[in-house]
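Asks: As input, take model.cif (mmCIF, C-alpha atoms and all ligand atoms):
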data_data
#
loop_
_atom_site.label_atom_id
_atom_site.label_comp_id
_atom_site.auth_asym_id
_atom_site.auth_seq_id
_atom_site.Cartn_x
_atom_site.Cartn_y
_atom_site.Cartn_z
CA MET W 1452 0.00 0.00 0.00
CA ASN W 1453 1.47 3.40 -0.86
CA ALA W 1454 1.10 6.76 0.84
CA HIS W 1455 -1.85 7.89 -1.24
CA GLN W 1456 -4.03 4.83 -0.95
CA SER W 1457 -6.92 4.64 1.46
CA VAL W 1458 -8.46 1.61 3.11
CA ARG W 1459 -12.02 0.81 4.04
CA ALA W 1460 -12.96 0.18 7.64
CA GLY W 1461 -13.84 -3.43 8.38
CA GLN W 1462 -11.03 -5.00 6.37
CA PRO W 1463 -8.70 -7.31 8.33
CA VAL W 1464 -5.80 -5.45 9.93
CA GLN W 1465 -2.69 -5.47 7.78
CA SER W 1466 0.67 -4.35 9.05
CA SER W 1467 0.44 -0.81 7.66
CA GLU W 1468 -3.32 -0.40 7.68
CA VAL W 1469 -4.78 2.90 8.79
CA ILE W 1470 -5.96 2.32 12.34
CA ALA W 1471 -8.98 4.57 12.82
CA PRO W 1472 -12.28 2.70 12.91
CA ASP W 1473 -15.20 5.00 12.20
CA ALA W 1474 -14.99 6.83 8.88
CA PRO W 1475 -16.02 4.81 5.83
CA VAL W 1476 -12.85 5.72 3.94
CA LEU W 1477 -9.70 6.60 5.84
CA GLU W 1478 -6.75 8.56 4.68
CA ALA W 1479 -3.39 8.48 6.41
CA MET W 1480 -1.95 11.66 7.94
CA VAL W 1481 1.24 9.97 9.16
CA ARG W 1482 2.64 6.77 7.70
CA PHE W 1483 5.79 4.84 8.58
CA GLU W 1484 6.89 2.45 5.87
CA ALA W 1485 9.42 -0.17 7.03
CA VAL W 1486 11.26 2.42 9.12
CA SER W 1487 14.44 1.54 10.98
CA LYS W 1488 16.59 4.00 12.90
CA VAL W 1489 20.14 3.14 13.88
CA TYR W 1490 22.32 5.66 15.73
CA PRO W 1491 25.90 4.98 14.59
CA ALA W 1492 28.68 4.01 17.00
CA HIS W 1493 30.20 7.09 18.60
CA ARG W 1494 33.52 7.24 20.49
CA ASN W 1495 33.45 4.15 22.73
CA LYS W 1496 29.70 3.69 22.48
CA PRO W 1497 28.29 0.96 20.21
CA SER W 1498 25.62 1.71 17.61
CA VAL W 1499 21.99 1.66 18.83
CA ARG W 1500 19.07 0.24 16.89
CA ALA W 1501 16.30 2.54 18.22
CA LEU W 1502 13.53 1.47 15.79
CA GLU W 1503 13.33 -1.69 13.73
CA ASP W 1504 11.09 -2.22 10.70
CA VAL W 1505 8.27 -0.06 12.03
CA ASP W 1506 5.10 0.12 9.93
CA PHE W 1507 1.95 2.00 10.82
CA ALA W 1508 -0.50 4.54 9.52
CA ILE W 1509 -2.39 7.14 11.51
CA ALA W 1510 -5.68 8.36 10.05
CA ARG W 1511 -6.39 12.03 9.46
CA GLY W 1512 -8.32 13.56 12.33
CA SER W 1513 -7.68 10.66 14.73
CA ILE W 1514 -6.17 10.67 18.23
CA THR W 1515 -3.51 7.98 18.62
CA GLY W 1516 -1.45 7.11 21.68
CA VAL W 1517 2.11 5.83 21.28
CA ILE W 1518 3.10 4.14 24.51
CA GLY W 1519 6.34 2.53 25.62
CA ARG W 1520 8.78 2.32 28.48
CA SER W 1521 11.92 4.42 28.68
CA GLY W 1522 14.19 3.57 25.74
CA ALA W 1523 11.40 1.98 23.69
CA GLY W 1524 12.02 4.43 20.84
CA LYS W 1525 9.25 7.02 21.40
CA SER W 1526 11.44 10.12 21.10
CA SER W 1527 13.15 8.71 18.01
CA LEU W 1528 9.70 8.20 16.48
CA VAL W 1529 8.76 11.83 17.28
CA ARG W 1530 11.98 13.17 15.75
CA LEU W 1531 11.33 11.13 12.61
CA ILE W 1532 7.79 12.50 12.28
CA ASN W 1533 8.92 16.11 12.61
CA GLY W 1534 11.91 15.60 10.34
CA LEU W 1535 14.59 16.26 12.98
CA GLU W 1536 16.02 12.79 12.25
CA LYS W 1537 16.15 10.78 9.03
CA PRO W 1538 15.34 7.09 9.01
CA THR W 1539 18.27 4.75 8.39
CA THR W 1540 15.96 2.78 6.09
CA GLY W 1541 12.31 3.21 5.12
CA ARG W 1542 10.12 6.30 4.60
CA VAL W 1543 8.16 8.65 6.84
CA ILE W 1544 5.17 10.25 5.12
CA VAL W 1545 3.42 13.21 6.74
CA ALA W 1546 0.43 14.83 5.02
CA ASP W 1547 1.25 13.07 1.73
CA SER W 1548 4.83 14.30 1.64
CA ASP W 1549 7.91 12.18 2.30
CA ILE W 1550 9.39 14.24 5.14
CA SER W 1551 12.39 11.91 5.31
CA SER W 1552 13.50 13.12 1.86
CA LEU W 1553 13.16 16.87 2.54
CA SER W 1554 15.81 19.36 3.62
CA GLY W 1555 16.36 23.12 3.92
CA ARG W 1556 13.41 25.39 3.13
CA GLU W 1557 11.14 22.51 2.03
CA LEU W 1558 11.67 20.76 5.35
CA ARG W 1559 11.03 23.97 7.32
CA LEU W 1560 7.75 24.50 5.44
CA ALA W 1561 6.67 20.88 6.09
CA GLN W 1562 7.56 21.31 9.77
CA ARG W 1563 5.06 24.19 10.01
CA SER W 1564 2.28 21.68 9.50
CA ILE W 1565 3.43 19.77 12.61
CA GLY W 1566 2.82 21.35 16.02
CA MET W 1567 4.65 20.09 19.13
CA ILE W 1568 3.89 20.29 22.82
CA PHE W 1569 6.38 19.19 25.47
CA GLN W 1570 6.56 17.92 29.04
CA HIS W 1571 8.39 21.06 30.25
CA PHE W 1572 6.43 23.45 27.99
CA ASN W 1573 9.59 25.01 26.43
CA LEU W 1574 8.26 28.59 26.74
CA LEU W 1575 10.63 31.57 26.52
CA SER W 1576 10.82 33.05 30.02
CA SER W 1577 11.56 36.55 28.68
CA ARG W 1578 8.32 36.67 26.64
CA THR W 1579 4.74 37.11 27.82
CA ALA W 1580 2.13 34.42 27.12
CA ALA W 1581 0.89 36.33 24.05
CA ASP W 1582 4.44 36.87 22.74
CA ASN W 1583 5.28 33.16 23.17
CA ILE W 1584 2.26 32.29 21.05
CA ALA W 1585 3.28 34.92 18.47
CA LEU W 1586 6.79 33.50 18.03
CA PRO W 1587 6.10 30.87 15.30
CA LEU W 1588 4.02 33.45 13.41
CA GLU W 1589 6.87 35.97 13.52
CA ILE W 1590 9.22 33.27 12.20
CA ALA W 1591 6.73 32.45 9.44
CA GLY W 1592 6.71 36.15 8.44
CA TRP W 1593 3.13 37.06 9.35
CA SER W 1594 2.20 40.80 9.52
CA LYS W 1595 1.84 42.46 12.94
CA SER W 1596 -1.94 42.87 12.61
CA ASP W 1597 -2.47 39.26 11.47
CA ILE W 1598 -0.35 38.07 14.39
CA ALA W 1599 -2.37 40.15 16.87
CA SER W 1600 -5.72 38.77 15.73
CA ARG W 1601 -4.45 35.16 15.49
CA VAL W 1602 -2.94 35.35 19.00
CA SER W 1603 -6.25 36.65 20.46
CA GLU W 1604 -8.11 33.81 18.71
CA LEU W 1605 -5.68 31.25 20.15
CA LEU W 1606 -5.81 32.69 23.68
CA ASP W 1607 -9.61 32.26 23.54
CA LEU W 1608 -9.30 28.75 22.11
CA VAL W 1609 -7.19 27.58 25.06
CA ASP W 1610 -9.33 29.62 27.47
CA ILE W 1611 -6.56 31.75 28.92
CA ALA W 1612 -7.17 35.23 27.47
CA ASP W 1613 -6.88 36.82 30.93
CA LYS W 1614 -3.23 35.71 31.17
CA ARG W 1615 -2.06 37.20 27.87
CA ASP W 1616 0.42 39.63 29.47
CA ARG W 1617 1.76 37.27 32.13
CA TYR W 1618 5.27 35.78 31.98
CA PRO W 1619 5.75 31.98 32.24
CA SER W 1620 7.08 32.33 35.82
CA GLU W 1621 3.68 33.80 36.79
CA LEU W 1622 1.70 30.85 35.38
CA SER W 1623 0.79 27.40 36.75
CA GLY W 1624 1.85 24.23 34.92
CA GLY W 1625 -1.60 23.81 33.38
CA GLN W 1626 -1.65 27.46 32.22
CA LYS W 1627 1.84 27.10 30.73
CA GLN W 1628 0.73 24.01 28.84
CA ARG W 1629 -2.30 25.92 27.48
CA ILE W 1630 0.13 28.54 26.13
CA GLY W 1631 2.26 25.70 24.70
CA ILE W 1632 -0.80 24.28 22.95
CA ALA W 1633 -1.80 27.69 21.55
CA ARG W 1634 1.75 28.22 20.25
CA ALA W 1635 1.79 24.75 18.67
CA LEU W 1636 -1.49 25.47 16.86
CA ALA W 1637 -0.52 28.99 15.73
CA THR W 1638 0.41 28.11 12.15
CA ARG W 1639 -2.66 25.85 11.76
CA PRO W 1640 -0.80 22.52 11.67
CA ASN W 1641 -2.39 19.28 10.46
CA VAL W 1642 -0.70 17.26 13.17
CA LEU W 1643 -0.21 17.96 16.88
CA LEU W 1644 2.55 15.88 18.48
CA SER W 1645 2.28 15.71 22.25
CA ASP W 1646 5.54 14.50 23.80
CA GLU W 1647 4.68 13.52 27.42
CA ALA W 1648 2.78 16.84 27.61
CA THR W 1649 0.93 15.96 30.82
CA SER W 1650 3.73 14.05 32.61
CA ALA W 1651 4.64 17.05 34.80
CA LEU W 1652 1.03 17.87 35.74
CA ASP W 1653 -1.21 16.69 38.61
CA PRO W 1654 -4.13 14.36 37.72
CA GLN W 1655 -6.78 17.11 37.74
CA THR W 1656 -4.76 19.45 35.52
CA THR W 1657 -3.91 16.47 33.27
CA ARG W 1658 -7.65 15.83 32.89
CA SER W 1659 -8.32 19.46 31.91
CA ILE W 1660 -5.48 19.49 29.35
CA LEU W 1661 -6.66 16.18 27.85
CA ASP W 1662 -10.22 17.60 27.64
CA LEU W 1663 -8.83 20.65 25.87
CA LEU W 1664 -6.97 18.42 23.37
CA ALA W 1665 -10.18 16.43 22.76
CA ASN W 1666 -12.06 19.69 21.99
CA ILE W 1667 -9.30 20.86 19.66
CA ASN W 1668 -9.40 17.53 17.82
CA ARG W 1669 -13.19 17.73 17.50
CA GLU W 1670 -13.39 21.39 16.51
CA LEU W 1671 -10.31 21.80 14.31
CA GLY W 1672 -9.93 18.22 13.05
CA VAL W 1673 -6.20 18.25 13.96
CA THR W 1674 -4.65 14.76 14.05
CA ILE W 1675 -3.23 14.23 17.54
CA ILE W 1676 -0.38 11.85 18.40
CA LEU W 1677 0.20 11.38 22.12
CA ILE W 1678 3.61 10.06 23.10
CA THR W 1679 3.46 8.76 26.64
CA HIS W 1680 4.57 6.14 29.13
CA GLU W 1681 1.18 6.27 30.88
CA MET W 1682 -1.73 4.12 29.74
CA SER W 1683 -4.08 6.34 31.77
CA VAL W 1684 -3.42 9.18 29.27
CA VAL W 1685 -4.11 6.87 26.33
CA ARG W 1686 -7.23 5.60 28.07
CA GLN W 1687 -8.63 9.10 28.65
CA LEU W 1688 -8.07 10.52 25.20
CA ALA W 1689 -6.99 8.16 22.43
CA LYS W 1690 -9.10 5.86 20.27
CA GLU W 1691 -6.09 4.06 18.79
CA VAL W 1692 -2.86 2.95 20.36
CA ILE W 1693 0.57 1.75 19.26
CA VAL W 1694 2.62 -0.10 21.88
CA LEU W 1695 6.39 0.14 21.34
CA ASP W 1696 9.01 -1.99 23.02
CA ALA W 1697 12.74 -2.08 22.30
CA GLY W 1698 12.20 -0.42 18.93
CA HIS W 1699 9.44 -2.78 17.79
CA ILE W 1700 5.69 -2.31 17.58
CA ILE W 1701 4.34 -5.08 19.79
CA GLU W 1702 0.65 -4.15 19.48
CA LYS W 1703 -1.51 -1.64 17.69
CA GLY W 1704 -5.22 -1.15 17.27
CA HIS W 1705 -8.31 0.24 18.92
CA VAL W 1706 -7.77 1.19 22.57
CA ALA W 1707 -10.93 -0.65 23.69
CA ASP W 1708 -9.78 -3.89 21.94
CA ILE W 1709 -6.32 -3.68 23.43
CA PHE W 1710 -7.70 -3.03 26.92
CA THR W 1711 -9.98 -6.06 26.77
CA HIS W 1712 -7.73 -8.39 24.76
CA PRO W 1713 -4.04 -7.47 25.11
CA ARG W 1714 -1.63 -9.84 23.33
CA HIS W 1715 1.54 -8.94 25.14
CA SER W 1716 2.56 -9.07 28.81
CA ILE W 1717 4.09 -5.56 28.54
CA THR W 1718 0.73 -4.20 27.41
CA GLN W 1719 -0.94 -6.02 30.31
CA THR W 1720 1.43 -4.26 32.72
CA PHE W 1721 0.52 -0.86 31.25
CA LEU W 1722 -3.17 -1.74 31.63
CA SER W 1723 -2.75 -2.76 35.28
CA GLU W 1724 -1.06 0.58 36.00
CA ALA W 1725 -3.94 2.43 34.35
CA LEU W 1726 -6.51 0.50 36.38
CA GLY W 1727 -4.67 0.61 39.69
CA ASP W 1728 -7.53 2.41 41.41
CA ALA W 1729 -10.35 0.30 40.02
CA ILE W 1730 -10.87 -1.96 43.07
CA PRO W 1731 -12.96 -0.81 46.07
CA VAL W 1732 -11.02 -0.21 49.29
CA SER W 1733 -13.33 -2.66 51.10
CA LEU W 1734 -11.83 -5.38 48.91
CA THR W 1735 -8.19 -4.22 48.79
CA SER W 1736 -8.11 -4.10 52.60
CA ARG W 1737 -9.01 -7.82 52.69
CA LEU W 1738 -6.60 -8.92 49.97
CA GLN W 1739 -3.79 -11.28 51.03
CA GLN W 1740 -0.83 -12.47 49.01
CA GLN W 1741 -1.10 -16.05 50.37
CA PRO W 1742 -4.05 -18.42 49.75
CA ARG W 1743 -6.47 -19.09 52.66
CA PRO W 1744 -8.02 -22.55 53.19
CA GLY W 1745 -11.57 -22.47 51.81
CA GLY W 1746 -11.04 -18.91 50.46
CA GLN W 1747 -11.12 -17.42 46.98
CA ALA W 1748 -8.49 -16.40 44.45
CA VAL W 1749 -9.26 -12.84 43.33
CA ILE W 1750 -8.78 -11.93 39.68
CA ARG W 1751 -9.58 -8.87 37.61
CA VAL W 1752 -10.93 -9.24 34.06
CA LEU W 1753 -11.76 -6.53 31.53
CA VAL W 1754 -14.82 -7.01 29.35
CA ARG W 1755 -16.84 -5.07 26.78
CA GLY W 1756 -19.65 -3.39 28.76
CA LEU W 1757 -21.37 -4.94 31.76
CA ASP W 1758 -23.26 -7.32 29.43
CA GLY W 1759 -19.88 -8.81 28.55
CA GLY W 1760 -19.34 -9.40 32.29
CA ALA W 1761 -22.65 -11.20 32.82
CA THR W 1762 -21.97 -13.33 29.74
CA LEU W 1763 -18.50 -14.24 30.97
CA VAL W 1764 -19.69 -15.31 34.43
CA ALA W 1765 -22.43 -17.43 32.79
CA ARG W 1766 -19.90 -19.01 30.37
CA LEU W 1767 -17.54 -19.95 33.19
CA ALA W 1768 -20.43 -21.65 34.99
CA ARG W 1769 -21.65 -23.42 31.84
CA GLU W 1770 -18.38 -24.39 30.14
CA LEU W 1771 -16.18 -25.07 33.20
CA ALA W 1772 -18.90 -25.80 35.77
CA ILE W 1773 -17.19 -23.32 38.11
CA ASP W 1774 -19.26 -20.74 39.99
CA VAL W 1775 -17.34 -17.51 40.36
CA ALA W 1776 -18.38 -14.73 42.71
CA LEU W 1777 -18.68 -11.19 41.37
CA LEU W 1778 -16.84 -9.19 44.06
CA SER W 1779 -16.95 -5.78 42.36
CA ALA W 1780 -17.65 -4.25 38.97
CA ARG W 1781 -17.03 -0.86 37.49
CA ILE W 1782 -17.64 0.59 34.08
CA ASP W 1783 -15.34 3.06 32.32
CA GLU W 1784 -15.37 4.83 28.99
CA ILE W 1785 -12.15 3.76 27.27
CA GLY W 1786 -11.36 4.60 23.65
CA GLY W 1787 -14.99 5.70 23.22
CA GLN W 1788 -16.38 2.33 24.39
CA GLN W 1789 -17.77 1.08 27.67
CA ILE W 1790 -15.31 -1.28 29.31
CA GLY W 1791 -16.24 -3.23 32.42
CA SER W 1792 -13.62 -4.05 35.03
CA LEU W 1793 -14.82 -7.11 36.99
CA THR W 1794 -13.26 -8.45 40.14
CA LEU W 1795 -14.08 -12.14 40.44
CA GLY W 1796 -13.62 -14.58 43.30
CA VAL W 1797 -12.75 -18.10 42.14
CA PRO W 1798 -12.96 -21.00 44.65
CA ASP W 1799 -9.36 -21.32 45.76
CA ASP W 1800 -8.69 -24.85 44.85
CA ASP W 1801 -5.63 -25.00 42.68
CA THR W 1802 -7.22 -26.70 39.72
CA LYS W 1803 -10.27 -24.40 39.57
CA ALA W 1804 -8.27 -21.17 39.71
CA ALA W 1805 -5.82 -22.54 37.09
CA GLN W 1806 -8.72 -23.68 34.87
CA VAL W 1807 -10.35 -20.24 34.98
CA LEU W 1808 -7.07 -18.43 34.29
CA SER W 1809 -6.24 -20.73 31.41
CA TYR W 1810 -9.76 -20.36 29.94
CA LEU W 1811 -9.49 -16.55 30.14
CA SER W 1812 -6.04 -16.40 28.60
CA GLN W 1813 -7.06 -18.85 25.83
CA HIS W 1814 -9.89 -16.47 24.98
CA ARG W 1815 -7.44 -13.54 25.20
CA TYR W 1816 -9.16 -11.73 28.04
CA SER W 1817 -7.17 -9.10 29.87
CA VAL W 1818 -6.77 -10.82 33.23
CA GLU W 1819 -4.72 -10.20 36.33
CA ARG W 1820 -4.42 -12.17 39.58
CA LEU W 1821 -4.77 -9.72 42.47
CA GLY W 1822 -4.43 -12.04 45.49
CA TYR W 1823 -6.68 -14.03 47.81
CA VAL W 1824 -9.51 -13.42 50.26
CA ALA W 1825 -10.69 -15.64 53.11
N1 LIG H 1901 20.97 10.70 19.46
C1 LIG H 1901 21.16 9.45 19.90
N2 LIG H 1901 22.34 8.84 19.79
C2 LIG H 1901 22.54 7.57 20.20
N3 LIG H 1901 21.57 6.81 20.76
C3 LIG H 1901 20.37 7.37 20.92
C4 LIG H 1901 20.09 8.71 20.51
N4 LIG H 1901 18.78 8.98 20.79
C5 LIG H 1901 18.28 7.87 21.35
N5 LIG H 1901 19.22 6.91 21.43
C6 LIG H 1901 19.02 5.51 21.95
O1 LIG H 1901 17.95 4.94 21.20
C7 LIG H 1901 17.12 4.14 22.06
C8 LIG H 1901 15.69 4.69 22.02
O2 LIG H 1901 15.72 5.99 22.60
P1 LIG H 1901 14.46 6.97 22.59
O3 LIG H 1901 14.93 8.23 23.26
O4 LIG H 1901 13.92 7.07 21.23
O5 LIG H 1901 13.45 6.18 23.55
P2 LIG H 1901 12.24 6.72 24.44
O6 LIG H 1901 11.19 5.67 24.39
O7 LIG H 1901 11.85 8.09 24.00
O8 LIG H 1901 12.85 6.81 25.89
P3 LIG H 1901 12.55 7.90 27.04
O9 LIG H 1901 11.11 7.70 27.44
O10 LIG H 1901 13.52 7.52 28.12
O11 LIG H 1901 12.82 9.26 26.46
C9 LIG H 1901 17.75 4.22 23.44
O12 LIG H 1901 18.56 3.08 23.62
C10 LIG H 1901 18.58 5.49 23.40
O13 LIG H 1901 19.69 5.41 24.26
#
Rewrite the structure from the file as structure tokens, please.
Ligand SMILES: Nc1ncnc2c1ncn2[C@@H]1O[C@H](COP(=O)(O)OP(=O)(O)OP(=O)(O)O)[C@@H](O)[C@H]1O
Replies:
Amino acid sequence: MNAHQSVRAGQPVQSSEVIAPDAPVLEAMVRFEAVSKVYPAHRNKPSVRALEDVDFAIARGSITGVIGRSGAGKSSLVRLINGLEKPTTGRVIVADSDISSLSGRELRLAQRSIGMIFQHFNLLSSRTAADNIALPLEIAGWSKSDIASRVSELLDLVDIADKRDRYPSELSGGQKQRIGIARALATRPNVLLSDEATSALDPQTTRSILDLLANINRELGVTIILITHEMSVVRQLAKEVIVLDAGHIIEKGHVADIFTHPRHSITQTFLSEALGDAIPVSLTSRLQQQPRPGGQAVIRVLVRGLDGGATLVARLARELAIDVALLSARIDEIGGQQIGSLTLGVPDDDTKAAQVLSYLSQHRYSVERLGYVA
């Protein structure tokens, strides 16, 4: 498939298929074609293979999370998208142009269609909020009056007009990030790259920034790519996710599918972190790490909606003849779908707990053993 082809939703997933589900015909905004990135040996340091044969396509107007641990290759991927690095092999296509083949003025023009926001905001401390937002417009050669009206528009968009004359040192982290977002959107980019943009913020401010990004995506149609090491960020905002590990894509697809049916243990660990608070305190306070005679093994399973939970409990009873107890259930909106998190108590006899776990993993449920209760 080349950069200009589109695919129809509903076809089986191919390695470079566009991964947004809803539109009838999807067009890629960012496409990696067999991309590898090797940093050459330097002084005494050996060469590093940061990305290996990476293939994906991100649909126009979508919100996609790219998640991975430290060293997985996330920053390399960002620098390839915005043309700061060239792939060692393969091509990087952004908005129908092969950014990996551009240089000089052509590259600078292409880079204007890619906005970036950062963990530490990267604002100039000597400039006011308004003047920080104006900077990319000055560089792009806009007239003073056009800059003034665009900056006012952007301050309203990020809901921070009252702080226009404040300096970064006078702003909170959330306010600084709003200025960062306004600056990134100044030249009307097609793509907004968020590089750990909420990692330095508290959970409530993170929520408000993610809500703002969701509005921007809805109202302006900007394609958003969220680089993060936190599945909770992906869960709150993205519909699609790419999981990177040691330079390889280990999973990609719809967030709701990956939450309910992860293929890889690393993905499962990210999911557990994102759901850490999903169990009621009344249960966590009773959880033990060692089995109790006559007690129950406690497991957590993710299912599609609460109906999926009722069906699962009925199937375990019917197919394995094991009655499980529903200890708690909670429903979340993840990737635009309702996902149920069920905590089940399985009679703690070794064979029954093992049978249930093996049944769930055979059917690719996202499952985690939490401990035991008496
Ligand atoms: N300029 C460089 N020169 C040499 N090696 C590099 C360079 N940039 C990254 N690497 C190496 O490439 C691998 C991937 O790094 P990268 O920064 O892309 O990962 P990351 O997922 O962003 O990690 P982190 O979350 O810690 O920033 C690492 O082993 C890193 O040490």
Asks: Taking only C-alpha atoms and all ligand atoms into account, produce a table as JSON lines in which each residue of chain W with an atom at most 10 Å from an atom of ligand LIG 1901 (chain H) appears once, together with its shortest atom pair and the distance in Å to one decimal, ordered by chain and rising number.
Replies:
{"residue": "W:Lys1488", "atom": "CA", "partner": "H:LIG1901", "partner_atom": "O1", "distance": 8.5}
{"residue": "W:Val1489", "atom": "CA", "partner": "H:LIG1901", "partner_atom": "O1", "distance": 7.8}
{"residue": "W:Tyr1490", "atom": "CA", "partner": "H:LIG1901", "partner_atom": "C2", "distance": 4.9}
{"residue": "W:Pro1491", "atom": "CA", "partner": "H:LIG1901", "partner_atom": "C2", "distance": 7.0}
{"residue": "W:Ala1492", "atom": "CA", "partner": "H:LIG1901", "partner_atom": "C2", "distance": 7.8}
{"residue": "W:His1493", "atom": "CA", "partner": "H:LIG1901", "partner_atom": "C2", "distance": 7.8}
{"residue": "W:Lys1496", "atom": "CA", "partner": "H:LIG1901", "partner_atom": "C2", "distance": 8.5}
{"residue": "W:Pro1497", "atom": "CA", "partner": "H:LIG1901", "partner_atom": "C2", "distance": 8.8}
{"residue": "W:Ser1498", "atom": "CA", "partner": "H:LIG1901", "partner_atom": "C2", "distance": 7.1}
{"residue": "W:Val1499", "atom": "CA", "partner": "H:LIG1901", "partner_atom": "N3", "distance": 5.5}
{"residue": "W:Arg1500", "atom": "CA", "partner": "H:LIG1901", "partner_atom": "O1", "distance": 6.5}
{"residue": "W:Ala1501", "atom": "CA", "partner": "H:LIG1901", "partner_atom": "O1", "distance": 4.2}
{"residue": "W:Leu1502", "atom": "CA", "partner": "H:LIG1901", "partner_atom": "C8", "distance": 7.3}
{"residue": "W:Val1517", "atom": "CA", "partner": "H:LIG1901", "partner_atom": "O6", "distance": 9.6}
{"residue": "W:Ile1518", "atom": "CA", "partner": "H:LIG1901", "partner_atom": "O6", "distance": 8.2}
{"residue": "W:Gly1519", "atom": "CA", "partner": "H:LIG1901", "partner_atom": "O6", "distance": 5.9}
{"residue": "W:Arg1520", "atom": "CA", "partner": "H:LIG1901", "partner_atom": "O6", "distance": 5.8}
{"residue": "W:Ser1521", "atom": "CA", "partner": "H:LIG1901", "partner_atom": "O10", "distance": 3.5}
{"residue": "W:Gly1522", "atom": "CA", "partner": "H:LIG1901", "partner_atom": "O5", "distance": 3.5}
{"residue": "W:Ala1523", "atom": "CA", "partner": "H:LIG1901", "partner_atom": "O6", "distance": 3.8}
{"residue": "W:Gly1524", "atom": "CA", "partner": "H:LIG1901", "partner_atom": "O4", "distance": 3.3}
{"residue": "W:Lys1525", "atom": "CA", "partner": "H:LIG1901", "partner_atom": "O6", "distance": 3.8}
{"residue": "W:Ser1526", "atom": "CA", "partner": "H:LIG1901", "partner_atom": "O7", "distance": 3.6}
{"residue": "W:Ser1527", "atom": "CA", "partner": "H:LIG1901", "partner_atom": "O4", "distance": 3.7}
{"residue": "W:Leu1528", "atom": "CA", "partner": "H:LIG1901", "partner_atom": "O4", "distance": 6.5}
{"residue": "W:Val1529", "atom": "CA", "partner": "H:LIG1901", "partner_atom": "O4", "distance": 8.1}
{"residue": "W:Arg1530", "atom": "CA", "partner": "H:LIG1901", "partner_atom": "O4", "distance": 8.4}
{"residue": "W:Leu1531", "atom": "CA", "partner": "H:LIG1901", "partner_atom": "O4", "distance": 9.9}
{"residue": "W:Glu1536", "atom": "CA", "partner": "H:LIG1901", "partner_atom": "N1", "distance": 9.0}
{"residue": "W:Asp1646", "atom": "CA", "partner": "H:LIG1901", "partner_atom": "O7", "distance": 9.0}
{"residue": "W:Glu1647", "atom": "CA", "partner": "H:LIG1901", "partner_atom": "O9", "distance": 8.7}
{"residue": "W:Ile1678", "atom": "CA", "partner": "H:LIG1901", "partner_atom": "O7", "distance": 8.5}
{"residue": "W:Thr1679", "atom": "CA", "partner": "H:LIG1901", "partner_atom": "O9", "distance": 7.8}
{"residue": "W:His1680", "atom": "CA", "partner": "H:LIG1901", "partner_atom": "O9", "distance": 6.9}
{"residue": "W:Leu1695", "atom": "CA", "partner": "H:LIG1901", "partner_atom": "O6", "distance": 7.9}
{"residue": "W:Asp1696", "atom": "CA", "partner": "H:LIG1901", "partner_atom": "O6", "distance": 8.1}
{"residue": "W:Ala1697", "atom": "CA", "partner": "H:LIG1901", "partner_atom": "C8", "distance": 7.4}
{"residue": "W:Gly1698", "atom": "CA", "partner": "H:LIG1901", "partner_atom": "C8", "distance": 6.9}
Asks: What's the 12 Å shell around Ala1761 of chain W, counting only C-alpha atoms, without same-chain residues fewer than 4 positions away, as a list in words?
Replies: Val1752, Leu1753, Val1754, Arg1755, Gly1756, Leu1757, Ala1765, Arg1766, Leu1767, Ala1768, Val1775, Ala1776, Leu1777, Ala1780, Gly1791, Ser1792, Leu1793 and Leu1795 of chain W
Asks: Restricting the calculation to only C-alpha atoms, which member of W:Leu1778, W:Leu1553, W:Met1567, W:Ile1630 is positioned closest to Ala1580 of chain W?
Replies: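 Checking each of W:Leu1778, W:Leu1553, W:Met1567, W:Ile1630 against Ala1580 of chain W, counting only C-alpha atoms, the winner is W:Ile1630.
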Asks: Kindly indicate which residue among W:Arg1820, W:His1571, W:Arg1615, W:Arg1511 lies nearest to Gly1796 of chain W, using only C-alpha atoms for the distances.
Replies: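 The closest residue to Gly1796 of chain W is W:Arg1820.
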Asks: With a distance cut-off of 9 Å and all atoms listed in the file, select the neighbouring residues of segment 1504-1509 of chain W, excluding the residue or stretch itself and same-chain residues fewer than 2 positions from it, and output the selection as a ChimeraX atom specification.
Replies: /W:1466-1471,1478-1488,1502,1511-1515,1540-1541,1674,1676,1691,1693,1698-1700,1703
Asks: Figure out the distance between atom CA of Ala1725 of chain W and atom CA of Ile1790 of chain W, please, to one decimal in Å.
Replies: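 The value is 13.0 Å.
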Asks: Between atom CA of Glu1724 of chain W and atom CA of Thr1794 of chain W, what distance in Å does the model show, to one decimal?
Replies: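 Separation of atom CA of Glu1724 of chain W and atom CA of Thr1794 of chain W: 15.7 Å.
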Asks: Residues near Asp1800 of chain W, anyone? I mean within 9 Å using only C-alpha atoms, not counting same-chain ones fewer than 5 positions away, as a PyMOL selection string.
Replies: chain W and resi 1744-1748+1805
Asks: Please determine, counting only C-alpha atoms, which residue among W:Glu1670, W:Ile1709, W:Arg1494, W:Glu1621 has the shortest atom-to-atom distance to Ser1577 of chain W.
Replies: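 Closest candidate: W:Glu1621.
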Asks: Which of these residues is nearest to Gln1741 of chain W, using all atoms listed in the file: W:Val1824, W:Leu1661, W:Thr1539, W:Ser1817?
Replies: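 Closest to Gln1741 of chain W of all the choices is W:Val1824.
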Asks: Find the residue from W:Asp1597, W:Glu1604, W:Asp1616, W:Asp1610 that sits nearest to Asn1583 of chain W; use all atoms listed in the file when measuring.
Replies: W:Asp1616
Asks: Counting all atoms listed in the file, figure out which residue out of W:Ser1659, W:Asn1666, W:Asn1495, W:Thr1649 gets nearest to Glu1681 of chain W.
Replies: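 Distance minimum relative to Glu1681 of chain W lands on W:Thr1649.
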